[in-house]
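The next block is entry.cif, given as mmCIF, C-alpha atoms and all ligand atoms.
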```cif
data_input
loop_
_atom_site.group_PDB
_atom_site.id
_atom_site.type_symbol
_atom_site.label_atom_id
_atom_site.label_comp_id
_atom_site.auth_asym_id
_atom_site.auth_seq_id
_atom_site.Cartn_x
_atom_site.Cartn_y
_atom_site.Cartn_z
ATOM 1 C CA MET A 17 -161.265 -30.187 -80.423
ATOM 2 C CA SER A 18 -162.224 -32.710 -77.746
ATOM 3 C CA ASN A 19 -161.392 -31.843 -74.127
ATOM 4 C CA ASP A 20 -161.262 -35.519 -73.144
ATOM 5 C CA LYS A 21 -157.786 -36.347 -71.925
ATOM 6 C CA PRO A 22 -156.334 -39.388 -73.719
ATOM 7 C CA ALA A 23 -154.274 -41.946 -71.794
ATOM 8 C CA LEU A 24 -150.657 -40.927 -71.105
ATOM 9 C CA ASP A 25 -148.502 -41.833 -74.096
ATOM 10 C CA PRO A 26 -145.241 -39.954 -74.806
ATOM 11 C CA HIS A 27 -144.985 -41.122 -78.421
ATOM 12 C CA PRO A 28 -144.626 -37.895 -80.438
ATOM 13 C CA LEU A 29 -147.488 -38.841 -82.781
ATOM 14 C CA SER A 30 -149.833 -40.043 -80.005
ATOM 15 C CA GLU A 31 -153.271 -38.595 -79.250
ATOM 16 C CA TYR A 32 -151.997 -37.654 -75.799
ATOM 17 C CA VAL A 33 -149.110 -35.532 -77.124
ATOM 18 C CA ALA A 34 -151.467 -33.895 -79.665
ATOM 19 C CA TRP A 35 -153.962 -33.140 -76.873
ATOM 20 C CA ALA A 36 -151.223 -31.536 -74.746
ATOM 21 C CA GLY A 37 -149.930 -29.558 -77.733
ATOM 22 C CA ASN A 38 -153.382 -28.251 -78.578
ATOM 23 C CA ARG A 39 -153.650 -26.891 -75.043
ATOM 24 C CA ASN A 40 -150.182 -25.340 -74.735
ATOM 25 C CA ARG A 41 -149.510 -23.921 -78.206
ATOM 26 C CA GLU A 42 -151.586 -20.725 -77.845
ATOM 27 C CA PRO A 43 -150.107 -19.717 -74.456
ATOM 28 C CA LEU A 44 -146.644 -20.532 -75.832
ATOM 29 C CA LEU A 45 -147.294 -18.378 -78.889
ATOM 30 C CA GLY A 46 -148.047 -15.514 -76.499
ATOM 31 C CA VAL A 47 -144.641 -15.924 -74.841
ATOM 32 C CA LEU A 48 -142.839 -16.160 -78.182
ATOM 33 C CA LYS A 49 -144.567 -13.004 -79.468
ATOM 34 C CA ASP A 50 -143.093 -11.262 -76.480
ATOM 35 C CA LYS A 51 -139.609 -12.779 -76.773
ATOM 36 C CA PHE A 52 -138.761 -13.474 -80.427
ATOM 37 C CA PRO A 53 -136.669 -10.861 -82.238
ATOM 38 C CA THR A 54 -138.414 -8.525 -84.622
ATOM 39 C CA ASP A 55 -135.464 -8.653 -87.068
ATOM 40 C CA GLU A 56 -134.804 -11.512 -89.459
ATOM 41 C CA GLY A 57 -133.299 -14.570 -87.807
ATOM 42 C CA GLN A 58 -132.993 -18.328 -87.411
ATOM 43 C CA VAL A 59 -134.929 -20.357 -84.819
ATOM 44 C CA LEU A 60 -134.212 -23.973 -83.892
ATOM 45 C CA GLU A 61 -136.713 -26.387 -82.365
ATOM 46 C CA LEU A 62 -135.386 -29.371 -80.371
ATOM 47 C CA ALA A 63 -137.500 -32.531 -80.070
ATOM 48 C CA SER A 64 -140.084 -31.240 -82.571
ATOM 49 C CA GLY A 65 -142.145 -34.431 -82.503
ATOM 50 C CA SER A 66 -145.178 -34.138 -84.792
ATOM 51 C CA GLY A 67 -144.202 -30.610 -85.871
ATOM 52 C CA MET A 68 -147.486 -29.170 -84.619
ATOM 53 C CA HIS A 69 -145.783 -26.368 -82.691
ATOM 54 C CA VAL A 70 -143.348 -25.179 -85.327
ATOM 55 C CA ASN A 71 -146.178 -25.204 -87.867
ATOM 56 C CA TYR A 72 -148.469 -23.278 -85.528
ATOM 57 C CA PHE A 73 -145.861 -20.633 -84.713
ATOM 58 C CA ALA A 74 -144.186 -20.103 -88.104
ATOM 59 C CA PRO A 75 -146.979 -18.120 -89.835
ATOM 60 C CA HIS A 76 -146.911 -15.579 -86.991
ATOM 61 C CA PHE A 77 -143.222 -14.796 -87.582
ATOM 62 C CA GLU A 78 -142.637 -14.487 -91.309
ATOM 63 C CA HIS A 79 -139.323 -12.689 -90.701
ATOM 64 C CA LEU A 80 -137.931 -15.792 -88.950
ATOM 65 C CA HIS A 81 -136.756 -19.098 -90.434
ATOM 66 C CA PHE A 82 -137.574 -22.199 -88.387
ATOM 67 C CA HIS A 83 -135.505 -25.406 -88.164
ATOM 68 C CA PRO A 84 -137.321 -28.437 -86.683
ATOM 69 C CA THR A 85 -135.242 -31.373 -85.369
ATOM 70 C CA ASP A 86 -135.764 -34.633 -83.505
ATOM 71 C CA ARG A 87 -133.911 -37.799 -82.498
ATOM 72 C CA ASP A 88 -136.726 -39.856 -84.020
ATOM 73 C CA GLN A 89 -136.582 -39.569 -87.823
ATOM 74 C CA ASP A 90 -139.955 -41.323 -88.187
ATOM 75 C CA VAL A 91 -141.669 -38.033 -87.343
ATOM 76 C CA PHE A 92 -140.117 -36.112 -90.232
ATOM 77 C CA ASP A 93 -142.813 -36.957 -92.798
ATOM 78 C CA ASN A 94 -145.454 -35.607 -90.429
ATOM 79 C CA ILE A 95 -143.567 -32.340 -89.900
ATOM 80 C CA LYS A 96 -143.116 -31.867 -93.663
ATOM 81 C CA GLN A 97 -146.723 -32.799 -94.431
ATOM 82 C CA LEU A 98 -148.023 -30.172 -91.980
ATOM 83 C CA SER A 99 -145.743 -27.534 -93.518
ATOM 84 C CA VAL A 100 -147.049 -28.319 -97.011
ATOM 85 C CA GLU A 101 -150.719 -28.503 -95.940
ATOM 86 C CA GLN A 102 -150.441 -25.207 -94.072
ATOM 87 C CA GLY A 103 -148.358 -23.485 -96.770
ATOM 88 C CA ASN A 104 -145.545 -22.624 -94.344
ATOM 89 C CA ASP A 105 -142.523 -21.702 -96.424
ATOM 90 C CA ASN A 106 -140.348 -20.448 -93.542
ATOM 91 C CA ILE A 107 -139.744 -23.951 -92.129
ATOM 92 C CA ALA A 108 -136.666 -25.928 -93.191
ATOM 93 C CA ASP A 109 -136.799 -29.692 -93.687
ATOM 94 C CA PRO A 110 -136.392 -31.429 -90.316
ATOM 95 C CA VAL A 111 -132.957 -32.786 -89.425
ATOM 96 C CA HIS A 112 -131.795 -35.561 -87.127
ATOM 97 C CA LEU A 113 -130.569 -34.081 -83.835
ATOM 98 C CA ASP A 114 -130.032 -36.283 -80.796
ATOM 99 C CA LEU A 115 -129.227 -34.256 -77.696
ATOM 100 C CA THR A 116 -126.999 -37.061 -76.421
ATOM 101 C CA ASP A 117 -124.928 -37.227 -79.621
ATOM 102 C CA PRO A 118 -122.898 -34.073 -80.443
ATOM 103 C CA GLU A 119 -122.074 -35.459 -83.924
ATOM 104 C CA THR A 120 -125.735 -34.963 -84.881
ATOM 105 C CA TRP A 121 -125.696 -31.305 -83.845
ATOM 106 C CA LEU A 122 -123.574 -30.688 -86.938
ATOM 107 C CA ASN A 123 -126.606 -31.679 -89.050
ATOM 108 C CA VAL A 124 -128.199 -28.328 -88.261
ATOM 109 C CA LYS A 125 -127.638 -25.958 -91.146
ATOM 110 C CA GLY A 126 -126.220 -22.625 -90.134
ATOM 111 C CA GLU A 127 -123.085 -21.173 -88.641
ATOM 112 C CA PRO A 128 -122.294 -21.594 -84.926
ATOM 113 C CA HIS A 129 -123.821 -18.785 -82.889
ATOM 114 C CA SER A 130 -126.361 -17.968 -85.597
ATOM 115 C CA PHE A 131 -129.647 -18.908 -83.872
ATOM 116 C CA ALA A 132 -131.633 -16.129 -82.253
ATOM 117 C CA SER A 133 -133.692 -18.653 -80.331
ATOM 118 C CA ILE A 134 -133.987 -22.352 -79.554
ATOM 119 C CA PHE A 135 -137.141 -23.849 -78.067
ATOM 120 C CA CYS A 136 -137.983 -27.285 -76.700
ATOM 121 C CA ILE A 137 -141.427 -28.389 -75.544
ATOM 122 C CA ASN A 138 -142.338 -31.255 -73.223
ATOM 123 C CA ILE A 139 -139.275 -33.468 -73.267
ATOM 124 C CA PHE A 140 -137.942 -33.522 -69.697
ATOM 125 C CA GLN A 141 -140.810 -35.407 -68.065
ATOM 126 C CA VAL A 142 -140.085 -38.386 -70.356
ATOM 127 C CA ALA A 143 -136.295 -38.121 -70.689
ATOM 128 C CA PRO A 144 -133.364 -38.407 -68.276
ATOM 129 C CA VAL A 145 -132.231 -35.165 -66.666
ATOM 130 C CA SER A 146 -128.787 -35.857 -68.173
ATOM 131 C CA ILE A 147 -130.055 -34.634 -71.580
ATOM 132 C CA ALA A 148 -129.863 -31.152 -70.055
ATOM 133 C CA ASP A 149 -126.073 -31.332 -70.460
ATOM 134 C CA GLY A 150 -126.359 -31.890 -74.212
ATOM 135 C CA MET A 151 -129.143 -29.362 -74.567
ATOM 136 C CA MET A 152 -127.172 -26.618 -72.820
ATOM 137 C CA GLU A 153 -123.951 -27.399 -74.694
ATOM 138 C CA CYS A 154 -125.804 -27.422 -78.004
ATOM 139 C CA ALA A 155 -127.578 -24.163 -77.110
ATOM 140 C CA SER A 156 -124.371 -22.480 -76.063
ATOM 141 C CA LYS A 157 -122.768 -23.455 -79.405
ATOM 142 C CA LEU A 158 -125.689 -22.383 -81.594
ATOM 143 C CA LEU A 159 -127.219 -19.319 -79.924
ATOM 144 C CA THR A 160 -126.217 -15.783 -80.812
ATOM 145 C CA LYS A 161 -124.808 -13.655 -77.994
ATOM 146 C CA GLU A 162 -128.258 -12.234 -77.239
ATOM 147 C CA GLY A 163 -130.110 -15.462 -78.073
ATOM 148 C CA PHE A 164 -132.249 -17.485 -75.667
ATOM 149 C CA LEU A 165 -133.319 -21.062 -75.052
ATOM 150 C CA LEU A 166 -136.952 -21.606 -74.028
ATOM 151 C CA ILE A 167 -137.770 -24.907 -72.317
ATOM 152 C CA TYR A 168 -141.453 -25.586 -71.669
ATOM 153 C CA GLY A 169 -142.981 -28.213 -69.418
ATOM 154 C CA PRO A 170 -143.887 -29.172 -65.862
ATOM 155 C CA PHE A 171 -140.973 -29.022 -63.398
ATOM 156 C CA LYS A 172 -140.087 -29.267 -59.730
ATOM 157 C CA ILE A 173 -138.693 -26.089 -58.179
ATOM 158 C CA GLU A 174 -135.743 -26.546 -55.799
ATOM 159 C CA GLY A 175 -136.863 -30.050 -54.858
ATOM 160 C CA THR A 176 -140.525 -29.134 -54.359
ATOM 161 C CA PHE A 177 -143.641 -29.734 -56.425
ATOM 162 C CA SER A 178 -145.251 -26.351 -57.009
ATOM 163 C CA THR A 179 -148.774 -27.836 -56.976
ATOM 164 C CA LYS A 180 -150.578 -31.011 -55.956
ATOM 165 C CA SER A 181 -151.464 -31.656 -59.588
ATOM 166 C CA ASN A 182 -147.770 -31.634 -60.583
ATOM 167 C CA GLN A 183 -147.028 -34.060 -57.749
ATOM 168 C CA ALA A 184 -149.891 -36.268 -59.012
ATOM 169 C CA PHE A 185 -148.573 -36.090 -62.591
ATOM 170 C CA HIS A 186 -145.098 -37.029 -61.358
ATOM 171 C CA ASN A 187 -146.562 -40.006 -59.455
ATOM 172 C CA THR A 188 -148.410 -41.183 -62.566
ATOM 173 C CA LEU A 189 -145.198 -40.955 -64.626
ATOM 174 C CA ALA A 190 -143.111 -42.630 -61.934
ATOM 175 C CA SER A 191 -145.583 -45.504 -61.610
ATOM 176 C CA ALA A 192 -145.132 -46.398 -65.308
ATOM 177 C CA GLY A 193 -141.921 -48.231 -64.468
ATOM 178 C CA VAL A 194 -139.641 -46.252 -66.809
ATOM 179 C CA ASP A 195 -136.649 -44.961 -64.815
ATOM 180 C CA GLU A 196 -136.321 -41.650 -66.613
ATOM 181 C CA TRP A 197 -140.020 -40.640 -66.451
ATOM 182 C CA GLY A 198 -140.942 -38.012 -63.896
ATOM 183 C CA LEU A 199 -140.712 -34.277 -63.288
ATOM 184 C CA LYS A 200 -137.194 -32.851 -63.270
ATOM 185 C CA ASP A 201 -135.918 -29.982 -61.136
ATOM 186 C CA VAL A 202 -135.328 -26.502 -62.559
ATOM 187 C CA ALA A 203 -132.256 -26.271 -60.279
ATOM 188 C CA ASP A 204 -130.631 -29.223 -62.114
ATOM 189 C CA LEU A 205 -131.302 -27.598 -65.486
ATOM 190 C CA ASN A 206 -129.724 -24.406 -64.216
ATOM 191 C CA THR A 207 -126.652 -26.296 -62.985
ATOM 192 C CA ALA A 208 -126.268 -27.842 -66.461
ATOM 193 C CA ALA A 209 -126.752 -24.391 -68.020
ATOM 194 C CA GLN A 210 -124.102 -22.733 -65.880
ATOM 195 C CA LYS A 211 -121.514 -25.333 -66.921
ATOM 196 C CA GLN A 212 -122.009 -24.037 -70.472
ATOM 197 C CA GLY A 213 -122.017 -20.308 -69.723
ATOM 198 C CA LEU A 214 -125.813 -20.006 -69.691
ATOM 199 C CA GLU A 215 -128.187 -19.318 -66.810
ATOM 200 C CA LEU A 216 -131.874 -19.229 -65.999
ATOM 201 C CA LYS A 217 -133.043 -15.686 -66.651
ATOM 202 C CA GLU A 218 -136.806 -16.079 -66.283
ATOM 203 C CA LYS A 219 -139.372 -18.607 -65.099
ATOM 204 C CA ILE A 220 -142.768 -17.832 -66.577
ATOM 205 C CA ASP A 221 -145.884 -19.440 -65.069
ATOM 206 C CA MET A 222 -147.962 -21.076 -67.766
ATOM 207 C CA PRO A 223 -151.476 -22.618 -67.680
ATOM 208 C CA SER A 224 -151.927 -26.078 -66.120
ATOM 209 C CA ASN A 225 -148.974 -25.574 -63.763
ATOM 210 C CA ASN A 226 -146.352 -25.647 -66.499
ATOM 211 C CA PHE A 227 -143.431 -23.263 -66.901
ATOM 212 C CA SER A 228 -141.562 -21.546 -69.695
ATOM 213 C CA LEU A 229 -137.919 -21.409 -68.620
ATOM 214 C CA ILE A 230 -135.774 -18.838 -70.396
ATOM 215 C CA PHE A 231 -132.009 -19.485 -70.427
ATOM 216 C CA ALA A 232 -129.461 -17.129 -71.959
ATOM 217 C CA LYS A 233 -125.765 -16.391 -71.837
ATOM 218 C CA ILE A 234 -124.420 -15.226 -68.463
HETATM 219 C C1 LIG A 301 -143.350 -36.044 -75.584
HETATM 220 S S1 LIG A 301 -142.620 -35.808 -77.168
HETATM 221 C C2 LIG A 301 -142.900 -34.030 -77.377
HETATM 222 C C3 LIG A 301 -142.865 -33.625 -78.835
HETATM 223 C C4 LIG A 301 -143.180 -32.144 -79.117
HETATM 224 N N1 LIG A 301 -142.161 -31.263 -78.597
HETATM 225 C C5 LIG A 301 -144.548 -31.774 -78.569
HETATM 226 O O1 LIG A 301 -144.610 -31.102 -77.521
HETATM 227 O O2 LIG A 301 -145.538 -32.141 -79.198
HETATM 228 C C6 LIG A 301 -140.883 -35.887 -76.782
HETATM 229 C C7 LIG A 301 -139.983 -35.766 -78.003
HETATM 230 O O3 LIG A 301 -138.631 -35.778 -77.565
HETATM 231 C C8 LIG A 301 -137.848 -36.446 -78.539
HETATM 232 N N2 LIG A 301 -136.590 -36.867 -77.901
HETATM 233 C C9 LIG A 301 -136.445 -37.730 -76.879
HETATM 234 N N3 LIG A 301 -135.146 -37.872 -76.570
HETATM 235 C C10 LIG A 301 -134.452 -37.042 -77.404
HETATM 236 C C11 LIG A 301 -133.066 -36.751 -77.566
HETATM 237 N N4 LIG A 301 -132.117 -37.345 -76.839
HETATM 238 N N5 LIG A 301 -132.707 -35.846 -78.511
HETATM 239 C C12 LIG A 301 -133.655 -35.230 -79.272
HETATM 240 N N6 LIG A 301 -134.976 -35.495 -79.173
HETATM 241 C C13 LIG A 301 -135.365 -36.398 -78.243
HETATM 242 C C14 LIG A 301 -138.740 -37.601 -78.939
HETATM 243 O O4 LIG A 301 -138.339 -38.201 -80.153
HETATM 244 C C15 LIG A 301 -140.099 -36.903 -79.016
HETATM 245 O O5 LIG A 301 -140.341 -36.382 -80.287
#
```

Using structure tokens, write down the structure from this file.
Amino acid sequence: MSNDKPALDPHPLSEYVAWAGNRNREPLLGVLKDKFPTDEGQVLELASGSGMHVNYFAPHFEHLHFHPTDRDQDVFDNIKQLSVEQGNDNIADPVHLDLTDPETWLNVKGEPHSFASIFCINIFQVAPVSIADGMMECASKLLTKEGFLLIYGPFKIEGTFSTKSNQAFHNTLASAGVDEWGLKDVADLNTAAQKQGLELKEKIDMPSNNFSLIFAKI
């Protein structure tokens, strides 16, 4: 794997997103090993993109069944191809789920409140903070009583950048001229969560100044 950082490009099948995923997937696996249930269960991924994460995690949790989703249906062939190549038989076919469109949440197979966990990696820095409302509502509908939502990425904390490098990353995103690009604030995610009966339970420091945010029912 090359350590050279490709140019910023949020397209889910870009070299940049693959580079970021190659760096964060092992630390994320460590968190999931700590948090995922040891009993059988269903796990949903939001904004799966290329499918590299779900395909990396699934073999480590054979007792769990994974459901990848994305707004962009062009990525589905890639997700399925990785599952076939890697022989992962505990990953469902990806389904169309747009966090801004509750109709699409019904595409997810499974009863309400039947998901032990939902995870979502690297969406907020390239999406409007308003998607938090849909994400929290969707999570509150789909999670079991003890279930949790893990959101991974770089964030501001109570209006402040936790490091100079996160401030610099925010400036790079903001200078691209796309209104919704930039680091979002954990406090705003928590406000959205509380409207749906969820709250931030844990903020785990991750490498490269990222965070794993764990939300669960109040
Ligand atoms: C930067 S990519 C990250 C993909 C993947 N999670 C990863 O880390 O490799 C952001 C992803 O968010 C998805 N996305 C953006 N807006 C969305 C929405 N409203 N609902 C669901 N997915 C969305 C995009 O289609 C894209 O796959």

I'd like the neighbourhood of Phe177 in chain A as an mmCIF file with C-alpha atoms, keeping the file's coordinate frame, where a residue qualifies if any of its atoms comes within 9 Å (using all atoms listed in the file), though same-chain residues fewer than 5 positions away should be ignored.
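The new file part-v7.cif reads:
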```cif
data_model
loop_
_atom_site.group_PDB
_atom_site.id
_atom_site.type_symbol
_atom_site.label_atom_id
_atom_site.label_comp_id
_atom_site.auth_asym_id
_atom_site.auth_seq_id
_atom_site.Cartn_x
_atom_site.Cartn_y
_atom_site.Cartn_z
ATOM 1 C CA PHE A 171 -140.973 -29.022 -63.398
ATOM 2 C CA LYS A 172 -140.087 -29.267 -59.730
ATOM 3 C CA ASN A 182 -147.770 -31.634 -60.583
ATOM 4 C CA GLN A 183 -147.028 -34.060 -57.749
ATOM 5 C CA HIS A 186 -145.098 -37.029 -61.358
ATOM 6 C CA LEU A 199 -140.712 -34.277 -63.288
#
```

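Within 7 Å of Pro28 in chain A, once all atoms listed in the file are used and residues closer than 5 positions along the same chain are dropped, the contacting residues are Val33, Gly65 and Ser66 of chain A.
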
Can you tell me, as a ChimeraX atom specification, which residues sit within 12 Å of (-145.8, -18.5, -86.8) in the file's frame, using all atoms listed in the file? /A:41-42,44-46,48-49,52,59,68-82,99,102-107

Find the smallest box with edges along x, y and z containing every listed atom of ligand LIG 301 (chain A), then add 5 Å on each side and report centre and edge lengths in Å to one decimal, as AutoDock Vina command-line options.
```
--center_x -138.8 --center_y -34.7 --center_z -77.9 --size_x 23.4 --size_y 17.1 --size_z 14.7
```

So which residues are near ligand LIG 301 (chain A), meaning at most 7 Å away with only C-alpha atoms and all ligand atoms counted, given back as number ranges by chain? A: 26-28, 33-34, 37, 62-69, 86-88, 113-116, 136-139, 142-143, 147

Which residues would end up in the selection if the PyMOL selection byres (((chain A and resi 178) around 12) and not hetatm) were applied here, given that I need the answer as a ChimeraX atom specification? /A:170-177,179-186,199,201-202,221,224-227

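With all atoms listed in the file as the atoms that count, the minimum distance from Glu162 in chain A to the choices A:Met222, A:Lys51, A:Glu119, A:Pro43 is reached by A:Lys51.
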
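Among A:His83, A:Lys211, A:Lys217, A:Lys21, the residue with the shortest atom-to-atom distance to Ala132 in chain A, counting only C-alpha atoms, is A:His83.
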
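With all atoms listed in the file as the atoms that count, the residue of A:Ile230, A:Ala203, A:Ala208, A:Leu216 with the shortest distance to Ile167 in chain A is A:Ile230.
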
Near Gly198 in chain A, counting all atoms listed in the file, which residues have an atom at most 6 Å away, once you skip same-chain residues fewer than 6 positions from it, shown as a PyMOL selection string? chain A and resi 141+186+189-190

Residues proximal to (-134.7, -16.4, -66.6) were defined as those with any atom within 10 Å of that point in the file's coordinates, counting only C-alpha atoms. Which are they, as a PDB file with C-alpha atoms, in the coordinates of the input?
```pdb
ATOM      1  CA  PHE A 164    -132.249 -17.485 -75.667  1.00  0.00           C
ATOM      2  CA  LEU A 165    -133.319 -21.062 -75.052  1.00  0.00           C
ATOM      3  CA  LEU A 166    -136.952 -21.606 -74.028  1.00  0.00           C
ATOM      4  CA  ASN A 206    -129.724 -24.406 -64.216  1.00  0.00           C
ATOM      5  CA  GLU A 215    -128.187 -19.318 -66.810  1.00  0.00           C
ATOM      6  CA  LEU A 216    -131.874 -19.229 -65.999  1.00  0.00           C
ATOM      7  CA  LYS A 217    -133.043 -15.686 -66.651  1.00  0.00           C
ATOM      8  CA  GLU A 218    -136.806 -16.079 -66.283  1.00  0.00           C
ATOM      9  CA  LYS A 219    -139.372 -18.607 -65.099  1.00  0.00           C
ATOM     10  CA  ILE A 220    -142.768 -17.832 -66.577  1.00  0.00           C
ATOM     11  CA  SER A 228    -141.562 -21.546 -69.695  1.00  0.00           C
ATOM     12  CA  LEU A 229    -137.919 -21.409 -68.620  1.00  0.00           C
ATOM     13  CA  ILE A 230    -135.774 -18.838 -70.396  1.00  0.00           C
ATOM     14  CA  PHE A 231    -132.009 -19.485 -70.427  1.00  0.00           C
ATOM     15  CA  ALA A 232    -129.461 -17.129 -71.959  1.00  0.00           C
TER      16      ALA A 232
END
```

Test item: the PyMOL selection byres (((chain A and resi 122) around 12) and not hetatm) resolved as a PDB file with C-alpha atoms, in the coordinates of the input:
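The result, stored in selection-v9.pdb:
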```pdb
ATOM      1  CA  THR A  85    -135.242 -31.373 -85.369  1.00  0.00           C
ATOM      2  CA  VAL A 111    -132.957 -32.786 -89.425  1.00  0.00           C
ATOM      3  CA  HIS A 112    -131.795 -35.561 -87.127  1.00  0.00           C
ATOM      4  CA  LEU A 113    -130.569 -34.081 -83.835  1.00  0.00           C
ATOM      5  CA  ASP A 114    -130.032 -36.283 -80.796  1.00  0.00           C
ATOM      6  CA  LEU A 115    -129.227 -34.256 -77.696  1.00  0.00           C
ATOM      7  CA  ASP A 117    -124.928 -37.227 -79.621  1.00  0.00           C
ATOM      8  CA  PRO A 118    -122.898 -34.073 -80.443  1.00  0.00           C
ATOM      9  CA  GLU A 119    -122.074 -35.459 -83.924  1.00  0.00           C
ATOM     10  CA  THR A 120    -125.735 -34.963 -84.881  1.00  0.00           C
ATOM     11  CA  TRP A 121    -125.696 -31.305 -83.845  1.00  0.00           C
ATOM     12  CA  ASN A 123    -126.606 -31.679 -89.050  1.00  0.00           C
ATOM     13  CA  VAL A 124    -128.199 -28.328 -88.261  1.00  0.00           C
ATOM     14  CA  LYS A 125    -127.638 -25.958 -91.146  1.00  0.00           C
ATOM     15  CA  GLY A 126    -126.220 -22.625 -90.134  1.00  0.00           C
ATOM     16  CA  GLU A 127    -123.085 -21.173 -88.641  1.00  0.00           C
ATOM     17  CA  PRO A 128    -122.294 -21.594 -84.926  1.00  0.00           C
ATOM     18  CA  CYS A 154    -125.804 -27.422 -78.004  1.00  0.00           C
ATOM     19  CA  LYS A 157    -122.768 -23.455 -79.405  1.00  0.00           C
ATOM     20  CA  LEU A 158    -125.689 -22.383 -81.594  1.00  0.00           C
TER      21      LEU A 158
END
```

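Proximity ranking of A:Glu196, A:Glu56, A:Glu153, A:Asp90 relative to Leu29 in chain A places A:Asp90 first, based on all atoms listed in the file.
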
If we count only C-alpha atoms, what is near His129 in chain A at a cut-off of 9 Å, once residues fewer than 6 positions away on the same chain are taken out, given as a ChimeraX atom specification? /A:155-161,163

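The smallest atom-to-atom distance between Asp149 in chain A and any of A:Lys96, A:Gln89, A:Phe135, A:Gln212, using all atoms listed in the file, is found for A:Gln212.
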
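For the pair CA of Ile134 in chain A and CA of Glu101 in chain A, the interatomic distance is 24.2 Å.
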
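Nearest to Thr207 in chain A of all the residues A:Thr188, A:Val194, A:Val145, A:Tyr168 is A:Val145, based on only C-alpha atoms.
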
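In this model, the gap between CA of Pro53 in chain A and CA of Pro110 in chain A comes to 22.1 Å.
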